[in-house]
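Below: the structure, in structure tokens.
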Amino acid sequence: MNTIKKCKAYKIKDSRGDETLEVEMSSNGHTVWASVPAGKSTGSREAVALPVDEAVWNVNRVISPELIGKKADVFEVDDLLVSLDGTENKSNLGANAILGVSLATLKLEAKIANQPLWKHIQSLGHPVSKSVGFPRLFVNVLNGGAHAKFRLPFQEYMFVLGNGMNVAGPINQLQTLFEQLKKKLEAEGKEIKMGDEGGFSFESDDIEEPFNILSELHDKLAIDVAGGEFFENGEYNVCGQKYSLEKLSNLYELLVKKYPLISIEDPFADNDFEAFAFVTKKMRDYGVISQKEDVLVVGDDLTTTNPQMIAKAVDGKLINAVLIKPNQIGTISETLKAIKMTHEAGLKTIISHRSGETMDSFIADLAMGVGAFGLKAGTMFQSERKEKYDRLLEIEQEVNSEK
Ligand code: PGA
Ligand code: ZN
């Protein structure tokens, strides 16, 4: 009854027009689809995605014959996928092939259990955090770095919206803020282009300019520095200027004191552990003095949704929040384990899209299902990203109809 009858991969296009894969999986009476996003500013420890033709071949010729007739149980299927692959970084079958199958299995399991996906994730009893509620929205409205043609000092500038109580309000607020931002940039005579994540991009070498613009519109901001992208010979090169660990930390401190900046993702390069610990302590000390909540220091390329790296980051007090991207690790089971470890250590999670996205809205269900602090899904002005907000709105209505 609950066994897998069909598992087939296809090539589709992502939001950048690049190829990625979609997996169709069926049992008797149910069919589901899952697709896989792709990053551009990737961490050095991410699981390896193979060229899409190879990944499709691996699903159809290697994985599918092993799965047909097996129970649609994501933990069992993931164990099988990991052992079939046999490598640490999933480079044999490809993390993209493996995640497509893993996610399709989770969706099929939820369909068979006749539950909404987020509820099914919750019922797995695996990683639920204590903060029951809706995720805050971390929305990248100014796109720089690897995601844009124009140069801004950092990769991402985000509005942070909501307080965990609902999502319809913050989603409406986002619409208003985005229109105000567009008008403001136009009024300032800026030449603007759209970046990969559906935000604006313009040329600026002035570190404070984006903060001045955004803080006039909203009182909670976040950045993703993607520090590894401008690390050269032991120093950081921001807008053509050299920054040591201390100098860059001082810059972050200044920004936090001067602007409503509540979260800094990947402030340093993936292997600069000492620098992460230094700035996390700085933010904690500042939190004590200012009696404000600690500014989030978020690991993305640092931790790559990898339970071992998260354990290291927790032990070394390198960060106080973890970005979660399922395709960095390649299976749903390991993603859930990474979330569980993070929550148990008292750190926050932010579930995230990739810069190359698909129409799969899974991350909205994941954020809700595990009680994540935040969801990072881009603007609503690219359908691949709007899909996540539409799914959150549906989930909110499902939650309210149960009350
Ligand atoms: P990526 O960027 O999806 O291109 O890796 C997103 C991020 O760095 O958070
Ligand atoms: Zn990042």
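We name chains A, B, ... following the order of the structure tokens; residues begin at 1 in each chain, and ligands are numbered from 1 as shown.
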Protein and nucleic acid residues within 10 Å of ligand 2 (only C-alpha atoms and all ligand atoms) as a VMD selection string: chain A and resid 39 to 43 155 to 156 223 to 228 264 to 267 298 to 302 304 323 to 325 352 to 355 376
Taking the backbone alone, and naming residues the way the document does, which bits of stretch 42-215 of chain A are helix (DSSP H, G or I) by DSSP, as a count of residues only? 83
For A:His147, which residue out of A:Met194, A:Leu106, A:Leu318, A:Leu255 is the nearest one, using only C-alpha atoms? A:Met194
Might you pull out every residue within 10 Å of stretch 328-332 of chain A, with only C-alpha atoms counted and same-chain residues fewer than 5 positions away left off, and present them as a count of residues only? 44
Contacts of A:Asn250 at 12 Å or less, counting only C-alpha atoms, minus same-chain residues fewer than 2 places along, as a VMD selection string? chain A and resid 243 to 248 252 to 257 267 275 278 to 279 282 to 283
Please identify the strand (DSSP E) residues within stretch 160-306 of chain A (assignment by DSSP from backbone atoms) and present them as a PyMOL selection string. chain A and resi 160-161+193-194+200-201+221-224+231-232+235-238+241-243+261-265+296-299
Among the residues A:Gly29, A:Gly356, A:Lys388, A:Leu261, the one that comes closest to A:Asp219 [using only C-alpha atoms]: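 Once distances to A:Asp219 are computed over only C-alpha atoms, the minimum belongs to A:Leu261.
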Applying 12 Å and only C-alpha atoms, which residues near A:Lys242 remain after dropping the ones on its own chain fewer than 4 positions away? List them as a list in words.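 So the residues in contact are Phe230, Phe231, Glu232, Asn233, Gly234, Glu235, Tyr236, Asn237, Val238, Glu246, Lys247 and Leu248 of chain A.
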Restricting it to C-alpha atoms, dump the selection as a short mmCIF file (atom, residue, chain, number, x, y, z; two decimals), in the first residue's frame.
data_model
loop_
_atom_site.label_atom_id
_atom_site.label_comp_id
_atom_site.auth_asym_id
_atom_site.auth_seq_id
_atom_site.Cartn_x
_atom_site.Cartn_y
_atom_site.Cartn_z
CA PHE A 230 36.07 38.70 -0.33
CA PHE A 231 38.73 36.93 1.73
CA GLU A 232 42.16 37.29 0.13
CA ASN A 233 45.52 36.30 1.62
CA GLY A 234 44.37 36.43 5.23
CA GLU A 235 42.55 39.77 4.87
CA TYR A 236 39.16 40.99 3.76
CA ASN A 237 38.78 43.29 0.80
CA VAL A 238 35.63 45.41 1.18
CA GLU A 246 39.78 43.48 14.18
CA LYS A 247 38.99 46.22 11.69
CA LEU A 248 36.08 44.26 10.18
#
Could you jot down the atom CA of A:Phe202 to atom CA of A:Glu229 separation for me, Å, one decimal place?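 Straight-line distance from atom CA of A:Phe202 to atom CA of A:Glu229 works out to 18.6 Å.
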Between atom CA of A:Leu217 and atom CA of A:Lys281, distance in Å (one decimal): 29.4 Å
So, counting only C-alpha atoms, which residue among A:Lys11, A:Met25, A:Ser35, A:Asn166 is closest to A:Trp57? A:Lys11
Would you mind telling me which residue in A:Gly17, A:Gly164, A:Pro210, A:Pro37 lies nearest to ligand 1 when using only C-alpha atoms and all ligand atoms?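 Distance minimum relative to ligand 1 lands on A:Pro37.
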